[in-house]
Amino acid sequence: MIYTKLPSYKFVLEIRQVQPQDIFSVIKIAYESLPEQYYPAVFNQFYESFPEGFLIAEQHHKIVGFIVGLKPDEEIAKVLLLSVTNDHRKKGIGTALLKRFLNAMKNQNIKKVELEVRTTNTVAIGFYKKHGFDVVDTLPNFYQNGEDAYTMKLVLRSY
Ligand SMILES: CC(C)(COP(=O)(O)OP(=O)(O)OC[C@H]1O[C@@H](n2cnc3c(N)ncnc32)[C@H](O)[C@@H]1OP(=O)(O)O)[C@@H](O)C(=O)NCCC(=O)NCCS
């Protein structure tokens, strides 16, 4: 078990792979904090298809954030979802989740990490840029409500 102690955060935060019993809490966070709604069953599918890419942040036995990634190709991983609960944001938890995810992907011999983000989600775009991602494409009407997406990419060896 690995613990991450964040300087600006008074409590010990654990980042670890999701377990089946965590998935209900993850679904609740996704429902409360993400604009898209997902069928609960897809979270079990994420867990079954690529558990190495499904991590949670836990503090005092409470799940406060999660990241879901997939490996569509031998050398490419995608970040599908990343969320930190509202009252735990801006404390480095998203960073801790992303860094652990990127390390896990390096261990999987992944060379590039990609993601899509709403062009209006300036917080997330700034967050990913801070971690070395670049905008490489725009996808018109990508989301259910017709919003556009940016594709962002990170070459892992430069991280
Ligand atoms: C994006 C998100 C995961 C960031 O998580 P977080 O734990 O708050 O992020 P961190 O505290 O690690 O922030 C790291 C950096 O991101 C940027 N950032 C994060 N929140 C920000 C905000 N509200 N305004 C401006 N910049 C912000 C800053 O550069 C910050 O660095 P700093 O603290 O040195 O200023 C979180 O805002 C979230 O859950 N948003 C809703 C879901 C979402 O949009 N997910 C991404 C698309 S799938």
# chains A, B, ... in the order shown; residues from 1 in each chain; ligands from 1
>>> residues_near_ligand(ligand="ligand 1", cutoff="9 Å", atoms="only C-alpha atoms and all ligand atoms", output="number ranges by chain")
A: 30, 33-35, 65-67, 79-86, 88-98, 115-118, 121-131
>>> write_last_selection(atoms="C-alpha atoms", output="short mmCIF file (atom, residue, chain, number, x, y, z; two decimals), in the first residue's frame")
data_model
loop_
_atom_site.label_atom_id
_atom_site.label_comp_id
_atom_site.auth_asym_id
_atom_site.auth_seq_id
_atom_site.Cartn_x
_atom_site.Cartn_y
_atom_site.Cartn_z
CA ALA A 30 -19.54 10.62 -11.24
CA SER A 33 -19.75 15.92 -10.62
CA LEU A 34 -19.67 14.99 -14.30
CA PRO A 35 -21.97 16.54 -16.92
CA GLY A 65 -11.89 11.16 -6.41
CA PHE A 66 -11.23 8.68 -9.19
CA ILE A 67 -9.66 8.32 -12.62
CA VAL A 79 -8.09 9.05 -19.80
CA LEU A 80 -11.87 8.60 -19.97
CA LEU A 81 -12.96 10.12 -16.66
CA LEU A 82 -11.34 12.08 -13.88
CA SER A 83 -13.18 13.64 -11.00
CA VAL A 84 -12.56 14.95 -7.50
CA THR A 85 -15.52 15.69 -5.21
CA ASN A 86 -16.41 19.37 -5.06
CA HIS A 88 -11.88 18.30 -2.05
CA ARG A 89 -10.80 20.18 -5.16
CA LYS A 90 -7.74 22.42 -5.48
CA LYS A 91 -5.84 20.37 -2.90
CA GLY A 92 -3.66 18.36 -5.24
CA ILE A 93 -5.85 15.25 -5.36
CA GLY A 94 -6.46 15.40 -9.12
CA THR A 95 -2.71 15.76 -9.58
CA ALA A 96 -2.02 12.76 -7.33
CA LEU A 97 -4.51 10.63 -9.29
CA LEU A 98 -3.14 11.68 -12.67
CA LEU A 115 -8.06 12.38 -23.70
CA GLU A 116 -11.06 14.43 -24.79
CA VAL A 117 -12.24 17.42 -22.81
CA ARG A 118 -15.08 19.91 -23.37
CA ASN A 121 -14.04 23.13 -19.40
CA THR A 122 -11.31 25.69 -18.80
CA VAL A 123 -10.43 24.28 -15.36
CA ALA A 124 -9.76 20.79 -16.73
CA ILE A 125 -7.91 22.15 -19.79
CA GLY A 126 -5.67 24.22 -17.49
CA PHE A 127 -5.19 21.22 -15.21
CA TYR A 128 -4.09 18.95 -18.08
CA LYS A 129 -1.85 21.64 -19.62
CA LYS A 130 -0.14 22.03 -16.26
CA HIS A 131 0.66 18.32 -16.47
#
>>> residues_around(residues="Thr119 of chain A", least_positions_apart="6", cutoff="12 Å", atoms="only C-alpha atoms", output="list in words")
Ile125, Gly126, Val135, Asp137, Thr138, Leu139, Pro140, Asn141, Phe142, Tyr143, Gly146, Glu147, Asp148, Ala149, Tyr150, Thr151 and Met152 of chain A
>>> closest_residue(among="A:Lys62, A:Arg100, A:Arg16, A:Lys153", to="Ile29 of chain A", atoms="only C-alpha atoms")
A:Lys62
>>> select_by_dssp(residues="chain A", states="alpha helix (DSSP H)", output="ChimeraX atom specification")
/A:23-33,40-49,93-107,122-130
>>> residues_around(residues="Tyr39 of chain A", least_positions_apart="6", cutoff="12 Å", atoms="only C-alpha atoms", output="list in words")
Phe24, Ile27, Lys28, Ala30, Tyr31, Gln45 and Phe46 of chain A
